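Asks: Starting off with a structure, shown below.
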Amino acid sequence: MTTERTFIMVKPDGVQRGLVGEIIKRFETRGYKLVACKMLWPGEDLLKKHYAELADKPFFPKLITYMRSGPCVPMVWEGREAVKMGRMMLGATNPLQSNPGTIRGDFCIDVGRNICHGSDGVETAKREIDLWFQPNEITKYESHSKDWVYE
Ligand code: DAT
Ligand code: MG
């Protein structure tokens with residue numbers, strides 16, 4: 001039971017479809033703490049680094065084109081088991097396999113339009129946070145709800 005940080009990002013389709021607030025709301029109401037958030041239109045270099053481990057996949061060029069198609073909203077969320085719970089809240093990579101109640105299971109259909117990203121492990125989260133944020137963009141503060149969320 002550790003306090004972790006995870007990297008969650010609303011992808012261009014999530015932004016265009018007006019789902020930024022909905023995605024933020026789910027993490028906020030669950031009890032996670034938002035410590036960094038911005039909007040940016042990512043370039044090819046950043047996206048190729050972000051998805052480096054998928055470079056050999058046949059869908060890689062389409063993935064980069066999709067991710068470059070508009071602004072994204074990268075965020076850092078903090079809290080107990082944030083990485084694992086973030087993945088659970090997002091749902092399966094392919095929305096057709098995402099359970100209803102998850103973000104992907106409630107708001108999308110195609111794997112190539114799956115509206116949000118979430119880190120798949122603690123080390124990945126660290127790498128992704130460093131890639132998308134400068135250290136001074138990550139805030140440190142105590143949530144007033146802390147003792148009402150955690151025992
Ligand atoms: P996740 O985003 O759940 O971590 P991933 O890291 O395996 O999944 O893949 C990154 C993104 O690439 C995923 O969100 C959508 C796309 N993708 C993955 N598998 C795909 C496939 N078989 N066909 C098309 N796009 C795919
Ligand atoms: Mg992934």
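Quick note on naming: the chains in the structure tokens go A, B, ... in the order shown, residues restart at 1 in each chain, and ligands are numbered from 1 in order of appearance.
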Per residue of chain A within 8 Å of ligand 1, which atom pair is closest and at what distance in Å (one decimal), using only C-alpha atoms and all ligand atoms, listed by chain and increasing number, as a Markdown table?

Replies:
| residue | atom | partner | partner_atom_place_in_ligand_line | distance |
| --- | --- | --- | --- | --- |
| A:Tyr51 | CA | ligand 1 | 10 (C) | 7.0 |
| A:Leu54 | CA | ligand 1 | 9 (O) | 7.2 |
| A:Pro58 | CA | ligand 1 | 23 (N) | 8.0 |
| A:Phe59 | CA | ligand 1 | 24 (C) | 5.2 |
| A:Phe60 | CA | ligand 1 | 12 (O) | 7.3 |
| A:Lys62 | CA | ligand 1 | 25 (N) | 7.7 |
| A:Leu63 | CA | ligand 1 | 12 (O) | 5.9 |
| A:Arg87 | CA | ligand 1 | 3 (O) | 7.7 |
| A:Gly91 | CA | ligand 1 | 3 (O) | 7.8 |
| A:Ala92 | CA | ligand 1 | 3 (O) | 6.0 |
| A:Thr93 | CA | ligand 1 | 3 (O) | 3.6 |
| A:Asn94 | CA | ligand 1 | 19 (N) | 7.2 |
| A:Val111 | CA | ligand 1 | 15 (C) | 5.2 |
| A:Gly112 | CA | ligand 1 | 25 (N) | 4.7 |
| A:Arg113 | CA | ligand 1 | 15 (C) | 7.3 |
| A:Asn114 | CA | ligand 1 | 14 (O) | 6.1 |
| A:Cys116 | CA | ligand 1 | 14 (O) | 7.2 |
| A:His117 | CA | ligand 1 | 2 (O) | 5.2 |
| A:Gly118 | CA | ligand 1 | 4 (O) | 6.1 |
| A:Ser119 | CA | ligand 1 | 4 (O) | 6.5 |
| A:Asp120 | CA | ligand 1 | 4 (O) | 5.9 |

Asks: Report, in Å with one decimal, the straight-line distance from atom CA of Pro71 of chain A to atom CA of Met89 of chain A.

Replies: 22.2 Å

Asks: For each of A:Ala52, A:Ile129, A:Val73, A:Lys140, take the minimum atom-to-atom distance to ligand 2, counting only C-alpha atoms and all ligand atoms, then give the residue where this is smallest.

Replies: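 Of the candidates, the smallest distance to ligand 2 is held by A:Ala52.
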
Asks: Please, which residues of segment 29-135 of chain A, numbered as in this document, come out helix (DSSP H, G or I) from DSSP, as a VMD selection string?

Replies: chain A and resid 29 to 30 44 to 50 52 to 54 60 to 67 82 to 90 95 to 97 103 to 107 111 to 113 122 to 132 135

Asks: Quick check, in Å to one decimal: how far apart do atom CA of Lys146 of chain A and atom CA of Cys72 of chain A lie?

Replies: 28.7 Å

Asks: Near Ala82 of chain A, counting only C-alpha atoms, which residues have an atom at most 7 Å away, once you skip same-chain residues fewer than 2 positions from it, shown as a list in words?

Replies: Glu4, Arg5, Thr6, Glu78, Gly79, Arg80, Lys84, Met85 and Gly86 of chain A

Asks: Keeping only N, CA and C atoms, write the selected residues to a file as a PDB file, in the first residue's frame.

Replies:
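Full text of selection.pdb as output:
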ATOM      1  N   GLU A   4       1.743   6.561  -4.663  1.00  0.00           N
ATOM      2  CA  GLU A   4       2.435   6.575  -5.952  1.00  0.00           C
ATOM      3  C   GLU A   4       1.962   7.763  -6.765  1.00  0.00           C
ATOM      4  N   ARG A   5       2.701   7.997  -7.851  1.00  0.00           N
ATOM      5  CA  ARG A   5       2.263   8.959  -8.858  1.00  0.00           C
ATOM      6  C   ARG A   5       2.063   8.215 -10.161  1.00  0.00           C
ATOM      7  N   THR A   6       1.008   8.569 -10.860  1.00  0.00           N
ATOM      8  CA  THR A   6       0.810   7.993 -12.185  1.00  0.00           C
ATOM      9  C   THR A   6       0.586   9.079 -13.215  1.00  0.00           C
ATOM     10  N   GLU A  78      -1.767  11.542  -7.827  1.00  0.00           N
ATOM     11  CA  GLU A  78      -1.022  10.969  -6.703  1.00  0.00           C
ATOM     12  C   GLU A  78      -1.975  10.316  -5.714  1.00  0.00           C
ATOM     13  N   GLY A  79      -1.541   9.216  -5.138  1.00  0.00           N
ATOM     14  CA  GLY A  79      -2.335   8.565  -4.096  1.00  0.00           C
ATOM     15  C   GLY A  79      -1.964   7.105  -3.956  1.00  0.00           C
ATOM     16  N   ARG A  80      -2.656   6.430  -3.060  1.00  0.00           N
ATOM     17  CA  ARG A  80      -2.339   5.040  -2.766  1.00  0.00           C
ATOM     18  C   ARG A  80      -2.606   4.144  -3.991  1.00  0.00           C
ATOM     19  N   LYS A  84      -1.766   1.250 -10.383  1.00  0.00           N
ATOM     20  CA  LYS A  84      -2.647   0.101 -10.623  1.00  0.00           C
ATOM     21  C   LYS A  84      -4.111   0.537 -10.714  1.00  0.00           C
ATOM     22  N   MET A  85      -4.513   1.409  -9.810  1.00  0.00           N
ATOM     23  CA  MET A  85      -5.912   1.848  -9.815  1.00  0.00           C
ATOM     24  C   MET A  85      -6.221   2.692 -11.041  1.00  0.00           C
ATOM     25  N   GLY A  86      -5.221   3.475 -11.496  1.00  0.00           N
ATOM     26  CA  GLY A  86      -5.413   4.271 -12.707  1.00  0.00           C
ATOM     27  C   GLY A  86      -5.709   3.368 -13.899  1.00  0.00           C
TER      28      GLY A  86
END

Asks: Could you go through chain A and tell me which residues DSSP, when run on the backbone, assigns to strand (DSSP E), listing them as a ChimeraX atom specification?

Replies: /A:3-10,33-37,73-80,116-118

Asks: Contacts of segment 23-36 of chain A at 7 Å or less, counting only C-alpha atoms, minus same-chain residues fewer than 2 places along, as a ChimeraX atom specification?

Replies: /A:19-21,75-79,137-140,149

Asks: When distances are computed from only C-alpha atoms and all ligand atoms, which of A:Glu53, A:Pro135, A:Asn99, A:Glu142 shows the smallest separation from ligand 2?

Replies: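 Among the listed residues, A:Glu53 lies closest to ligand 2.
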